[in-house]
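J.: Quick one: the structure is below, and I'll ask about it shortly.
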Amino acid sequence: MSQADSSPQTYAQTPLGDWHRSAGAKMVPFAGYEMPIQYESIVSEHHACRNAAALFDVSHMGRLRFDGDGSEALLDRLLTRRVTDLPIGGVRYGMVCNPDGGILDDVLVSHLKTPSESRYHLLVVNASNREKIVEWIKPLLDDFPRVTFSDRTELTAMIAVQGPLAMETCKRLFSFDPSRLKYYQARITDQFSKPVIVSRTGYTGEDGFELVVRAEEATRVWENVLLAGRDAGFVPAGLGARDTLRMEAAMPLYGHELDETVDPITAGLNFACNLDDRDFIGRDAIAAVKSAGPRRVRIGLLPGGRRPAREGCDVLSTDGQVIGKITSGGPSPTLGYPIAMAMVDAEHATASEFEIDIRGKRSPATRVKLPFYRRAKK
Amino acid sequence: MSRDKSKLLYAETHEWVDVAEEGGQKIATIGISGFAIEQLNDLVYMELPEVGKTIDAGEEFGEVESVKAVSPLYSPVGGEVIEVHAELPDNLDQLNDDPYDFGWIVKLKIADESALENLMDFAAYEKQCAESG
């Protein structure tokens, strides 16, 4: 056991910070915020999400708003994904890359219409990348003088409601029934006349939705959803379960599977790149990787035995050559055994057997198709 | 047999030590505190040392792993491993309920008793836990 780090430092609080603490959450620093890592236990929160639904405070994620003519064109230059044809109510996953194709962030962009019929785009970015992305966007604004750019993160809160019972249980909580949205659709509705953005998106591999509300409404909406789902088994869940859930669903996490040394093709995110008939920052570099083939590939591994392989462990071919590294790994609560994602040299990526160096001990591992977990389709 | 946690010695790194005399030899039985186990939560794996291995005071002798993280186990005292609790890694859920009896991890033949002087008594350890929240 290691000693606790008691160095004094202050972290930002989300609008739900007091709620988490009064609920007995264990709080940890994350991307400049103090966030709940767990309330009861990571495993029980994980299972609640797979079997009923879990609520996650994701207010630390950045919410950037683009109003005015040219917003589509600006975002279309910024993102690997086409934005100019994103209809109102549409959501797309894409990446912000540098000119070399290195991933600066992975993001969601939504096209929304307000009750007063004005429309805007909302970009949701990773908490740890928010400042970097804001600074990256600023120079682009000179070319789009009619775009108003605003960072809405501090003024709003974001709540993810994820699990098989999320849609059914929350049908009547808002003026608009979220289950009428298709996957990757969003719209602005309200609860008690207070605006709520509801989006059928998530990061757990389950069905569900994400809400953006004004900061001062956050606790009320959070408690309202929790109460509605009380009999169905809804629980609040922390970042610990969020990580094990996304890992099972093989969703990449920035700083682990993705960073500036990885391009979208290498990350296995070809689907989130529209390379044809458009230009965006990093396009040519990404197209070159696509035509030459990536040098590294993201794969799924099952370490033999019960000892989890963690991020940073070396991955070796069966002849003992180091050919990559684990990017995320740990026990899978749903499957009951350890899982891991790795970035390995492309020429070895099709092998079926590997070895992992887990802190000095070699452990055999078998390659499996990603994702590790896929929910049953209704 | 039931071990009284208030009579054990504790390391800053949350291991407990029970020193007993067996056949003229000082034997240290080592485990991790109930406080530490509660903090770790959701234990999934434990790595034990091999019998016969010699460990220095403060040296890592194994690791305990929760869903979230790996925590090294440090030996509060130096000596030779004479026994390991082999059933423990397969019964980590029982560690929660019984950290001081079922939860023993290793027994060492103590090489140098002086390291014991650096350890805390239960009152001092409780104070450390209260301060770390």
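The chains in the structure tokens are called A, B, ... from first to last as shown; in each chain the residues are counted from 1, and the ligands are counted from 1 in the order shown.
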Name the residues in contact with Arg246 in chain A at a cut-off of 7 Å, using only C-alpha atoms, excluding same-chain residues fewer than 5 positions from it; report them as a list in words.

T.: Tyr203, Thr204, Gly205 and Met251 of chain A

J.: Take the residues that were just selected and, keeping N, CA and C atoms, output them as a PDB file, in the first residue's frame.

T.:
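Resulting contents of again32.pdb:
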```
ATOM      1  N   TYR A 203     -21.246   6.457 -23.203  1.00  0.00           N
ATOM      2  CA  TYR A 203     -19.857   5.992 -23.211  1.00  0.00           C
ATOM      3  C   TYR A 203     -19.726   4.730 -22.377  1.00  0.00           C
ATOM      4  N   THR A 204     -20.754   3.885 -22.431  1.00  0.00           N
ATOM      5  CA  THR A 204     -20.753   2.699 -21.577  1.00  0.00           C
ATOM      6  C   THR A 204     -21.047   1.424 -22.360  1.00  0.00           C
ATOM      7  N   GLY A 205     -21.461   1.548 -23.610  1.00  0.00           N
ATOM      8  CA  GLY A 205     -21.888   0.378 -24.365  1.00  0.00           C
ATOM      9  C   GLY A 205     -23.347   0.044 -24.139  1.00  0.00           C
ATOM     10  N   MET A 251     -14.329   1.297 -26.097  1.00  0.00           N
ATOM     11  CA  MET A 251     -14.331   2.688 -26.521  1.00  0.00           C
ATOM     12  C   MET A 251     -12.999   3.319 -26.132  1.00  0.00           C
TER      13      MET A 251
END
```

J.: Identify every residue of chain B that has at least one atom within 10 Å of any atom of chain A, counting only C-alpha atoms, and report the result as an mmCIF file with C-alpha atoms, in the first residue's frame.

T.:
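Result file follows (result_3.cif):
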```cif
data_model
loop_
_atom_site.group_PDB
_atom_site.id
_atom_site.type_symbol
_atom_site.label_atom_id
_atom_site.label_comp_id
_atom_site.auth_asym_id
_atom_site.auth_seq_id
_atom_site.Cartn_x
_atom_site.Cartn_y
_atom_site.Cartn_z
ATOM 1 C CA ALA B 11 3.454 0.546 8.981
ATOM 2 C CA GLU B 12 2.720 3.904 7.396
ATOM 3 C CA THR B 13 1.936 1.926 4.262
ATOM 4 C CA HIS B 14 -0.959 0.146 6.057
ATOM 5 C CA GLU B 15 0.540 -3.291 6.683
ATOM 6 C CA ILE B 32 -3.030 -5.312 5.560
ATOM 7 C CA SER B 33 -5.301 -3.240 7.758
ATOM 8 C CA ALA B 36 -6.611 -0.167 3.803
ATOM 9 C CA ILE B 37 -8.904 -2.907 2.535
ATOM 10 C CA GLN B 39 -10.020 2.090 0.872
ATOM 11 C CA LEU B 40 -8.956 -0.357 -1.848
ATOM 12 C CA ASN B 41 -12.450 -1.815 -2.364
ATOM 13 C CA ASP B 42 -13.312 -4.457 -4.976
ATOM 14 C CA LEU B 43 -10.141 -6.549 -4.637
ATOM 15 C CA VAL B 44 -9.474 -8.776 -7.622
ATOM 16 C CA TYR B 45 -5.955 -10.142 -7.323
ATOM 17 C CA MET B 46 -3.100 -10.745 -4.916
ATOM 18 C CA GLU B 47 0.471 -11.693 -5.714
ATOM 19 C CA GLU B 60 8.000 -4.852 -1.763
ATOM 20 C CA GLU B 63 0.884 -6.744 -4.483
ATOM 21 C CA VAL B 64 -2.816 -6.423 -3.988
ATOM 22 C CA GLU B 65 -4.974 -5.319 -6.867
ATOM 23 C CA SER B 66 -8.387 -3.695 -6.899
ATOM 24 C CA VAL B 67 -10.557 -3.035 -9.948
ATOM 25 C CA LYS B 68 -8.942 0.350 -10.276
ATOM 26 C CA ALA B 69 -5.324 -0.024 -9.268
ATOM 27 C CA VAL B 70 -2.367 -2.106 -8.170
ATOM 28 C CA SER B 71 -0.932 -1.470 -4.699
ATOM 29 C CA PRO B 72 2.455 -2.843 -3.728
ATOM 30 C CA LEU B 73 2.741 -4.557 -0.353
ATOM 31 C CA TYR B 74 5.793 -3.491 1.642
ATOM 32 C CA PRO B 89 -5.732 -14.882 -3.360
ATOM 33 C CA ASP B 90 -8.706 -17.113 -4.198
ATOM 34 C CA CYS B 129 -5.924 6.974 9.078
ATOM 35 C CA GLU B 131 -5.920 12.370 9.130
ATOM 36 C CA SER B 132 -5.818 10.842 5.648
ATOM 37 C CA GLY B 133 -9.598 10.712 5.706
#
```

J.: Using the chain letters and numbers from this document, which residues of range 165-372 of chain A does DSSP assign to strand (DSSP E or B), as a ChimeraX atom specification?

T.: /A:185-191,194-199,208-214,235-236,254,258,296-303,314-316,322-332,337-345,353-358,361-368

J.: Near Ala28 in chain B, counting only C-alpha atoms, which residues have an atom at most 12 Å away, once you skip same-chain residues fewer than 2 positions from it, shown as a PyMOL selection string?

T.: chain B and resi 8-10+15-22+25-26+30-31+57+75-84+104-113+115-116

J.: From a DSSP pass on the backbone, collect the residues of chain B flagged as helix (DSSP H, G or I) and hand them back as a PyMOL selection string.

T.: chain B and resi 5-7+34-40+88-97+113-118+122-132

J.: If we count only C-alpha atoms, what is near Asp97 in chain B at a cut-off of 9 Å, once residues fewer than 5 positions away on the same chain are taken out, given as a list in words?

T.: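 Those residues are Gly34, Phe102 and Gly103 of chain B.
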
J.: Find the spatial neighbours of Met27 in chain A, counting only C-alpha atoms, within a cut-off of 7 Å - ignore same-chain residues fewer than 5 positions away - and output them as a count of residues only.

T.: 4

J.: So that I can see what lies close to range 68-81 of chain A, please list as a list of chain:residue names the residues with an atom at most 8 Å from it, counting only C-alpha atoms and leaving out residues fewer than 4 positions away in the same chain.

T.: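 Non-adjacent residues within range: A:Arg92, A:Tyr93, A:Gly94, A:Met95, A:Val96, A:Cys97, A:Tyr120, A:His121, A:Ile137, A:Leu140, A:Leu141, A:Phe144, A:Arg146, A:Val147, A:Thr148, A:Ala272, A:Cys273, A:Asn274, A:Leu275, A:Asp279, A:Phe280, A:Ile281, A:Gly282, A:Arg283.
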
J.: Lys377 in chain A: which residues within 10 Å, counting only C-alpha atoms, same-chain residues fewer than 2 positions away excluded, as a PyMOL selection string?

T.: chain A and resi 207+374-375

J.: Given the choices A:Arg200, A:His47, A:Arg63, A:Lys194, which gets closest to Ser179 in chain A if the distance is worked out from only C-alpha atoms?

T.: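 Comparing A:Arg200, A:His47, A:Arg63, A:Lys194 against Ser179 in chain A, the winner is A:Arg200.
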
J.: Would you work out the distance separating CA of Thr189 in chain A from CA of Arg50 in chain A, expressed in Å to one decimal?

T.: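 CA of Arg50 in chain A lies 26.7 Å from CA of Thr189 in chain A.
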
J.: When distances are computed from only C-alpha atoms, which of B:Glu59, B:Asp121, B:Glu126, B:Asp4 shows the smallest separation from Tyr100 in chain B?

T.: B:Asp4

J.: Rank nothing, just name the residue among B:Asp56, B:Ser2, B:Ala130, B:Asp93 nearest to Ser114 in chain B, using only C-alpha atoms.

T.: B:Asp56
